[in-house]
There are 2 protein chains.
Amino acid sequence: MSRHTARILAIGDELLLGRTVDTNSAFLARWCADRGLTVTGVQILGDDEATLVAAIKAAASASDLVLVTGGLGPTEDDRTRHALAGAMGAKLEASARAWNQIERYWGKLRPGPVPVSNKRQALMPVGARVLKNDRGTAPGMLGQVQGAWIACMPGVPHEMFAMAERLSTQLPRLIPGLRVPEVGEVHFAGLGESSAQDQLGALLSPGPVQVGITAHELGHITVRVVGSATAVRKRCAAVRNILKPYLLPEAGLAPSLVAVLTKRGQTITSAESCTCGAIAGMLGAVPGCSAVLQEALVAYHNEVKAGYLGVSAVDLKRHGAVSEQVVAQMARGALARSGASLALATSGIAGPDGGTRAKPVGTVWMAAALGSRVVTRHSHIRGDRSRVQQRAAASALLLGWQLLTGAV
Amino acid sequence: MSRHTARILAIGDELLLGRTVDTNSAFLARWCADRGLTVTGVQILGDDEATLVAAIKAAASASDLVLVTGGLGPTEDDRTRHALAGAMGAKLEASARAWNQIERYWGKLRPGPVPVSNKRQALMPVGARVLKNDRGTAPGMLGQVQGAWIACMPGVPHEMFAMAERLSTQLPRLIPGLRVPEVGEVHFAGLGESSAQDQLGALLSPGPVQVGITAHELGHITVRVVGSATAVRKRCAAVRNILKPYLLPEAGLAPSLVAVLTKRGQTITSAESCTCGAIAGMLGAVPGCSAVLQEALVAYHNEVKAGYLGVSAVDLKRHGAVSEQVVAQMARGALARSGASLALATSGIAGPDGGTRAKPVGTVWMAAALGSRVVTRHSHIRGDRSRVQQRAAASALLLGWQLLTGAV
């Protein structure tokens, strides 16, 4: 099986200045891996035409496909169209096809003619094809340089995603012999990355398959296997077998909770102090969560914890809001109040202030309540305020998942 | 004033596979801009030693400083130490200084000796200096290649941030003649990016200063001015003068709301349907928010809207949950229930399902209530579920900000 390679170029002065984080390249790197293309390099470049021409040529000489994002806007400093023409050695001409597409898109948005500045977006190198953009005014371009295909796409992520999706269907024709590999994923939680590596051992080594392990900020870990269908199936089954107690049915804790609760006809709620809505937000990000999430409460102040959740004022005073006693009562109170099947609660010190010697910043108590059972967990999370909040919410989801599935 | 340049190299197979988004390079690009260094390129490379040696040499020949992140882990496939040695033409040797640092860090974490595999992290090219890491086991390295400085730092962001901060103080010695420019920022909201560009006109053109404008996902826009102290002060004042009705006192809507409410001794609450805790989360991410945020409610289901917030069942039936009537009552109900000064409410269709012809996915109603005044706004947000939720929450914060400051 021959190796087909790709290079990715992200264009824009705003990227070189660090004003925008380039997330497009990671998306396109995954896109390539899933389609049998090995990415050999990613480059971020400014809007300088000569540099771009040289970079496109260099990338073209070393790969089958070059994916370029950015620099297709309507202003004078967007130079990707000119750079592609330069690399192709072709003239830049107004394309009727590109202009039609711009007019059609504009017409859906508002009445009146397309601004003159958008005319620049209809310029195309002679010999390049238009890549349709149904989410913005910038048409994409597909041209050839030294036998390699160069696909230029807009820098706006959701415009680019749709264009890349359509480009997928053309790949077999553009790169004959490209074999789309099978991709298998195993998701799990409740086991650390290094412990998982130890347990999986040689199953993480490449061989007939490529294998990668990724720990996600939202608390789960994914083993990703790429290769032929049979080899992927076999390797995934072996990985699943070893990780059995930790497996998730979906790609994440929140989606797994929503799926299982939906199946069982159960519901979930949260009572959050330090996480301040992050648990509800993670659940709410899952499509279809309305079947299982009816209400959630951010109970930041002690009076709210006492008033709405029935936390004992004595315990608040004796143990402090950041304590096992209080967080357990918050979870119980949330169950009673909402009638949900499962309640998650958090109380902690997210920082940067408020830490003490006994309870430093990053100290978090979590609780999950299901029926008459309440389980609690304590954690010390390092990092800034936002990291403490995110990790604490993820840990609370894990605790809830473990309680729901009988793992604790 | 001579131009000093930098290149950034991000190392790791996981980046080329798209399993991890490289956020380090954007951080370092801003770090450079703030310190008078022009970044001429960013490259993402895999863990292949020969490629790394060539990339370090090429970057060194074209710049004053090369910032390298990643590839400093304890496993065999981490090759950055070897690559720096190769580029320097130096031997790789065990450094007592590096090992001491690893032992000290490990000792703070847990009892017992440092694992043998970490010995690899104490290898340093002869002639390179150790860059201290106080947040992890991987020491950084500072070496010279063809007269350029090469700083190799860990890929773990919070370890790298701290190391880069310390490197800052060495810059004047490493690159004599480097002038740290003044950086000024003007934050505003409630005016679109293109309208702002139209109004600011030539004030966005470079001249004695560099100027950039960035629209943030969280709803505000920043004009950033870099140059000499006098020129920056002058340009920022001119920008502020034109944008006066839209200015924010802090770098974002949530921080601005928290700052002004704190100053006035007022409080805020939210009653969220489609945003599912995102408003509370944005406020909660601001240090010190506990002074102004006591409670917030996710009211996803209609019974919750009626039961806790007093939304009329008749209106829920007649107008639907996604309506001006309902969202206004949610905001009023949240004020009454919590005793807060300002309440924000949302109700919309985040998708991917649930849209109708009259109320397609992305339809969102927002309300803000302050005392007896309630203002509402309607929006149609394009994008996936998570984008609809984030933008709706940001729009609700904007509406609240405008109501609080008398702009609506």
# chains A, B, ... in the order shown; residues from 1 in each chain; ligands from 1
$ select_by_dssp --residues "stretch 189-396 of chain B" --states "alpha helix (DSSP H)" --output "ChimeraX atom specification"
/B:193-200,229-242,253-264,278-284,302-309,313-319,324-338,385-396
$ select_by_dssp --residues "stretch 97-305 of chain B" --states "strand (DSSP E)" --output "ChimeraX atom specification"
/B:123-125,129-131,140-145,148-153,182-188,209-215,221-227,268-272,295-299
$ interface_residues --of "chain B" --to "chain A" --cutoff "7 Å" --atoms "only C-alpha atoms" --output "ChimeraX atom specification"
/B:15-21,23,26-27,29-30,33,39,41-45,214,276-278,280-281,284-285,287,290,293-301,304,351-352,385-386
$ residues_around --residues "stretch 183-196 of chain A" --least-positions-apart "6" --cutoff "7 Å" --atoms "only C-alpha atoms" --output "compact mmCIF listing (two decimals) with C-alpha atoms, in the first residue's frame"
# COMPACT_ATOMS: atom_id res chain seq x y z
CA ASP A 34 -9.37 9.45 8.35
CA ALA A 215 -6.81 12.26 27.08
CA GLY A 219 -12.50 13.78 31.37
CA HIS A 220 -12.55 10.82 29.01
CA ILE A 221 -9.80 9.08 27.06
CA THR A 222 -9.97 7.76 23.50
CA VAL A 223 -7.98 5.01 21.86
CA ARG A 224 -8.09 5.49 18.11
CA VAL A 225 -7.19 2.69 15.72
CA VAL A 226 -6.66 3.22 11.98
CA GLY A 227 -5.99 0.49 9.42
CA VAL A 232 -9.10 -2.43 13.32
CA CYS A 236 -10.51 -2.54 19.13
CA ARG A 240 -12.24 -3.08 24.86
CA TYR A 246 -14.06 1.75 32.18
CA LEU A 247 -15.77 1.72 28.79
CA LEU A 248 -18.13 4.50 27.72
CA GLU A 250 -20.43 7.35 23.64
CA ALA A 251 -17.53 9.72 22.92
CA LEU A 398 -17.46 10.76 36.08
$ residues_around --residues "B:Arg166" --least-positions-apart "6" --cutoff "10 Å" --atoms "only C-alpha atoms" --output "list in words"
Leu131, Lys132, Asn133 and Met160 of chain B
$ residues_around --residues "A:Ala122" --least-positions-apart "5" --cutoff "7 Å" --atoms "only C-alpha atoms" --output "PyMOL selection string"
chain A and resi 94-95+98-99
$ closest_residue --among "A:Ala336, A:Leu404, A:Leu218, A:Ala367" --to "A:Val388" --atoms "only C-alpha atoms"
A:Leu218
$ residues_around --residues "A:Ile102" --least-positions-apart "6" --cutoff "10 Å" --atoms "only C-alpha atoms" --output "PyMOL selection string"
chain A and resi 96+114+118-119+121-122+132-134+136-139
$ atom_distance --atom1 "atom CA of A:Ser228" --atom2 "atom CA of A:Ser256"
27.5 Å
$ closest_residue --among "A:Ala90, A:Ala393, A:Leu399, A:Pro74" --to "A:Ile381" --atoms "only C-alpha atoms"
A:Ala393
$ residues_around --residues "stretch 147-156 of chain A" --least-positions-apart "2" --cutoff "6 Å" --atoms "only C-alpha atoms" --output "number ranges by chain"
A: 60, 64-70, 72, 140-145, 158-160
$ atom_distance --atom1 "atom CA of A:Ile349" --atom2 "atom CA of A:Gly406"
28.9 Å
$ closest_residue --among "A:Ala54, A:Leu342, A:Leu203, A:Val322" --to "A:Gly362" --atoms "only C-alpha atoms"
A:Val322
$ decode --residues "stretch 68-216 of chain B" --atoms "C-alpha atoms" --output "PDB file, in the first residue's frame"
ATOM      1  CA  VAL B  68      10.257  25.102  20.184  1.00  0.00           C
ATOM      2  CA  THR B  69       7.494  23.345  22.154  1.00  0.00           C
ATOM      3  CA  GLY B  70       6.974  19.624  22.709  1.00  0.00           C
ATOM      4  CA  GLY B  71       9.015  16.451  22.403  1.00  0.00           C
ATOM      5  CA  LEU B  72      10.599  16.723  25.867  1.00  0.00           C
ATOM      6  CA  GLY B  73       8.740  13.816  27.452  1.00  0.00           C
ATOM      7  CA  PRO B  74      10.392  10.775  29.068  1.00  0.00           C
ATOM      8  CA  THR B  75       9.720   8.286  26.255  1.00  0.00           C
ATOM      9  CA  GLU B  76      11.941   7.101  23.419  1.00  0.00           C
ATOM     10  CA  ASP B  77       9.865   8.873  20.775  1.00  0.00           C
ATOM     11  CA  ASP B  78      10.438  12.328  22.288  1.00  0.00           C
ATOM     12  CA  ARG B  79      13.285  13.589  20.093  1.00  0.00           C
ATOM     13  CA  THR B  80      13.600  17.329  20.713  1.00  0.00           C
ATOM     14  CA  ARG B  81      16.657  16.966  23.001  1.00  0.00           C
ATOM     15  CA  HIS B  82      18.441  14.930  20.334  1.00  0.00           C
ATOM     16  CA  ALA B  83      17.371  17.319  17.601  1.00  0.00           C
ATOM     17  CA  LEU B  84      18.729  20.368  19.439  1.00  0.00           C
ATOM     18  CA  ALA B  85      22.036  18.548  19.982  1.00  0.00           C
ATOM     19  CA  GLY B  86      22.098  17.659  16.295  1.00  0.00           C
ATOM     20  CA  ALA B  87      21.405  21.235  15.209  1.00  0.00           C
ATOM     21  CA  MET B  88      24.053  22.557  17.628  1.00  0.00           C
ATOM     22  CA  GLY B  89      26.520  19.905  16.537  1.00  0.00           C
ATOM     23  CA  ALA B  90      26.958  19.055  20.223  1.00  0.00           C
ATOM     24  CA  LYS B  91      26.966  15.854  22.237  1.00  0.00           C
ATOM     25  CA  LEU B  92      23.988  14.925  24.409  1.00  0.00           C
ATOM     26  CA  GLU B  93      25.020  14.344  28.027  1.00  0.00           C
ATOM     27  CA  ALA B  94      23.314  13.766  31.357  1.00  0.00           C
ATOM     28  CA  SER B  95      23.060  17.133  33.127  1.00  0.00           C
ATOM     29  CA  ALA B  96      23.347  17.107  36.914  1.00  0.00           C
ATOM     30  CA  ARG B  97      21.558  20.411  37.062  1.00  0.00           C
ATOM     31  CA  ALA B  98      18.615  19.115  35.025  1.00  0.00           C
ATOM     32  CA  TRP B  99      18.434  15.943  37.095  1.00  0.00           C
ATOM     33  CA  ASN B 100      18.460  17.921  40.350  1.00  0.00           C
ATOM     34  CA  GLN B 101      15.508  19.897  39.125  1.00  0.00           C
ATOM     35  CA  ILE B 102      13.580  16.768  38.152  1.00  0.00           C
ATOM     36  CA  GLU B 103      14.261  15.242  41.578  1.00  0.00           C
ATOM     37  CA  ARG B 104      13.148  18.384  43.365  1.00  0.00           C
ATOM     38  CA  TYR B 105       9.901  18.565  41.384  1.00  0.00           C
ATOM     39  CA  TRP B 106       9.191  14.848  41.859  1.00  0.00           C
ATOM     40  CA  GLY B 107       9.876  15.087  45.593  1.00  0.00           C
ATOM     41  CA  LYS B 108       7.105  17.634  45.988  1.00  0.00           C
ATOM     42  CA  LEU B 109       4.622  15.285  44.291  1.00  0.00           C
ATOM     43  CA  ARG B 110       5.114  11.932  45.974  1.00  0.00           C
ATOM     44  CA  PRO B 111       7.518   9.847  48.048  1.00  0.00           C
ATOM     45  CA  GLY B 112      10.016   7.428  46.514  1.00  0.00           C
ATOM     46  CA  PRO B 113      12.618   7.756  43.799  1.00  0.00           C
ATOM     47  CA  VAL B 114      12.074   9.266  40.359  1.00  0.00           C
ATOM     48  CA  PRO B 115      11.267   6.570  37.740  1.00  0.00           C
ATOM     49  CA  VAL B 116      14.241   5.550  35.622  1.00  0.00           C
ATOM     50  CA  SER B 117      12.501   6.647  32.413  1.00  0.00           C
ATOM     51  CA  ASN B 118      12.717  10.258  33.588  1.00  0.00           C
ATOM     52  CA  LYS B 119      16.533  10.047  33.397  1.00  0.00           C
ATOM     53  CA  ARG B 120      16.096  10.669  29.699  1.00  0.00           C
ATOM     54  CA  GLN B 121      14.678  14.106  30.526  1.00  0.00           C
ATOM     55  CA  ALA B 122      17.969  15.116  32.158  1.00  0.00           C
ATOM     56  CA  LEU B 123      19.896  14.745  28.882  1.00  0.00           C
ATOM     57  CA  MET B 124      21.143  18.093  27.564  1.00  0.00           C
ATOM     58  CA  PRO B 125      23.288  19.109  24.588  1.00  0.00           C
ATOM     59  CA  VAL B 126      26.708  20.228  25.799  1.00  0.00           C
ATOM     60  CA  GLY B 127      26.699  24.027  25.756  1.00  0.00           C
ATOM     61  CA  ALA B 128      22.945  24.391  26.266  1.00  0.00           C
ATOM     62  CA  ARG B 129      21.500  25.904  29.435  1.00  0.00           C
ATOM     63  CA  VAL B 130      18.694  24.431  31.523  1.00  0.00           C
ATOM     64  CA  LEU B 131      15.416  26.357  31.510  1.00  0.00           C
ATOM     65  CA  LYS B 132      13.734  25.729  34.834  1.00  0.00           C
ATOM     66  CA  ASN B 133      10.392  23.908  34.899  1.00  0.00           C
ATOM     67  CA  ASP B 134       8.569  24.269  38.216  1.00  0.00           C
ATOM     68  CA  ARG B 135       5.361  22.628  37.004  1.00  0.00           C
ATOM     69  CA  GLY B 136       6.541  19.342  35.522  1.00  0.00           C
ATOM     70  CA  THR B 137       9.471  16.985  35.082  1.00  0.00           C
ATOM     71  CA  ALA B 138      10.638  18.189  31.647  1.00  0.00           C
ATOM     72  CA  PRO B 139      13.445  20.763  31.942  1.00  0.00           C
ATOM     73  CA  GLY B 140      13.640  23.243  29.065  1.00  0.00           C
ATOM     74  CA  MET B 141      16.804  23.971  27.088  1.00  0.00           C
ATOM     75  CA  LEU B 142      18.375  27.125  25.684  1.00  0.00           C
ATOM     76  CA  GLY B 143      21.047  26.714  23.035  1.00  0.00           C
ATOM     77  CA  GLN B 144      22.575  28.616  20.134  1.00  0.00           C
ATOM     78  CA  VAL B 145      22.589  27.626  16.461  1.00  0.00           C
ATOM     79  CA  GLN B 146      24.164  29.901  13.837  1.00  0.00           C
ATOM     80  CA  GLY B 147      23.938  32.811  16.247  1.00  0.00           C
ATOM     81  CA  ALA B 148      20.210  32.385  16.852  1.00  0.00           C
ATOM     82  CA  TRP B 149      18.846  31.375  20.258  1.00  0.00           C
ATOM     83  CA  ILE B 150      16.827  28.176  20.374  1.00  0.00           C
ATOM     84  CA  ALA B 151      14.516  27.796  23.395  1.00  0.00           C
ATOM     85  CA  CYS B 152      12.971  24.336  23.766  1.00  0.00           C
ATOM     86  CA  MET B 153      10.009  24.171  26.132  1.00  0.00           C
ATOM     87  CA  PRO B 154       7.520  21.468  27.164  1.00  0.00           C
ATOM     88  CA  GLY B 155       4.331  20.972  25.164  1.00  0.00           C
ATOM     89  CA  VAL B 156       2.092  20.971  28.257  1.00  0.00           C
ATOM     90  CA  PRO B 157       0.633  24.490  28.114  1.00  0.00           C
ATOM     91  CA  HIS B 158       0.720  25.509  31.778  1.00  0.00           C
ATOM     92  CA  GLU B 159       4.314  24.263  32.134  1.00  0.00           C
ATOM     93  CA  MET B 160       5.323  26.179  29.017  1.00  0.00           C
ATOM     94  CA  PHE B 161       3.546  29.411  30.057  1.00  0.00           C
ATOM     95  CA  ALA B 162       5.568  29.637  33.263  1.00  0.00           C
ATOM     96  CA  MET B 163       8.824  28.865  31.464  1.00  0.00           C
ATOM     97  CA  ALA B 164       8.164  31.468  28.769  1.00  0.00           C
ATOM     98  CA  GLU B 165       7.430  34.013  31.463  1.00  0.00           C
ATOM     99  CA  ARG B 166      10.867  33.422  32.992  1.00  0.00           C
ATOM    100  CA  LEU B 167      12.497  33.478  29.547  1.00  0.00           C
ATOM    101  CA  SER B 168      11.064  36.980  29.060  1.00  0.00           C
ATOM    102  CA  THR B 169      13.371  38.423  31.652  1.00  0.00           C
ATOM    103  CA  GLN B 170      16.410  37.057  29.782  1.00  0.00           C
ATOM    104  CA  LEU B 171      15.402  38.495  26.398  1.00  0.00           C
ATOM    105  CA  PRO B 172      17.200  41.853  26.664  1.00  0.00           C
ATOM    106  CA  ARG B 173      20.445  39.979  27.368  1.00  0.00           C
ATOM    107  CA  LEU B 174      19.907  37.378  24.641  1.00  0.00           C
ATOM    108  CA  ILE B 175      18.919  39.838  21.929  1.00  0.00           C
ATOM    109  CA  PRO B 176      20.643  43.172  22.532  1.00  0.00           C
ATOM    110  CA  GLY B 177      18.814  46.063  20.917  1.00  0.00           C
ATOM    111  CA  LEU B 178      15.411  44.384  21.233  1.00  0.00           C
ATOM    112  CA  ARG B 179      12.953  47.105  22.140  1.00  0.00           C
ATOM    113  CA  VAL B 180       9.863  46.048  24.071  1.00  0.00           C
ATOM    114  CA  PRO B 181       6.981  47.949  22.521  1.00  0.00           C
ATOM    115  CA  GLU B 182       4.034  49.424  24.337  1.00  0.00           C
ATOM    116  CA  VAL B 183       0.800  47.452  23.897  1.00  0.00           C
ATOM    117  CA  GLY B 184      -2.577  49.159  24.184  1.00  0.00           C
ATOM    118  CA  GLU B 185      -5.967  47.513  23.942  1.00  0.00           C
ATOM    119  CA  VAL B 186      -9.431  48.966  23.515  1.00  0.00           C
ATOM    120  CA  HIS B 187     -12.355  46.586  24.135  1.00  0.00           C
ATOM    121  CA  PHE B 188     -15.887  47.204  22.947  1.00  0.00           C
ATOM    122  CA  ALA B 189     -19.175  45.419  22.243  1.00  0.00           C
ATOM    123  CA  GLY B 190     -22.484  46.078  20.557  1.00  0.00           C
ATOM    124  CA  LEU B 191     -20.997  47.200  17.256  1.00  0.00           C
ATOM    125  CA  GLY B 192     -20.189  44.690  14.510  1.00  0.00           C
ATOM    126  CA  GLU B 193     -16.626  44.218  13.308  1.00  0.00           C
ATOM    127  CA  SER B 194     -17.230  45.598   9.841  1.00  0.00           C
ATOM    128  CA  SER B 195     -19.137  48.639  11.149  1.00  0.00           C
ATOM    129  CA  ALA B 196     -16.272  49.264  13.547  1.00  0.00           C
ATOM    130  CA  GLN B 197     -13.812  49.021  10.673  1.00  0.00           C
ATOM    131  CA  ASP B 198     -15.860  51.517   8.680  1.00  0.00           C
ATOM    132  CA  GLN B 199     -16.031  53.967  11.587  1.00  0.00           C
ATOM    133  CA  LEU B 200     -12.380  53.619  12.554  1.00  0.00           C
ATOM    134  CA  GLY B 201     -11.144  53.892   8.977  1.00  0.00           C
ATOM    135  CA  ALA B 202      -7.530  55.086   8.868  1.00  0.00           C
ATOM    136  CA  LEU B 203      -7.134  54.535  12.618  1.00  0.00           C
ATOM    137  CA  LEU B 204      -6.768  50.830  11.785  1.00  0.00           C
ATOM    138  CA  SER B 205      -3.924  51.506   9.345  1.00  0.00           C
ATOM    139  CA  PRO B 206      -0.376  50.873  10.471  1.00  0.00           C
ATOM    140  CA  GLY B 207       1.969  53.830  10.695  1.00  0.00           C
ATOM    141  CA  PRO B 208       3.926  54.676  13.816  1.00  0.00           C
ATOM    142  CA  VAL B 209       1.961  51.766  15.351  1.00  0.00           C
ATOM    143  CA  GLN B 210       0.755  48.286  14.372  1.00  0.00           C
ATOM    144  CA  VAL B 211      -3.016  47.916  14.720  1.00  0.00           C
ATOM    145  CA  GLY B 212      -5.185  44.808  14.742  1.00  0.00           C
ATOM    146  CA  ILE B 213      -8.862  44.186  15.345  1.00  0.00           C
ATOM    147  CA  THR B 214     -10.168  40.852  16.677  1.00  0.00           C
ATOM    148  CA  ALA B 215     -13.778  39.733  17.151  1.00  0.00           C
ATOM    149  CA  HIS B 216     -13.958  37.255  20.052  1.00  0.00           C
TER     150      HIS B 216
END
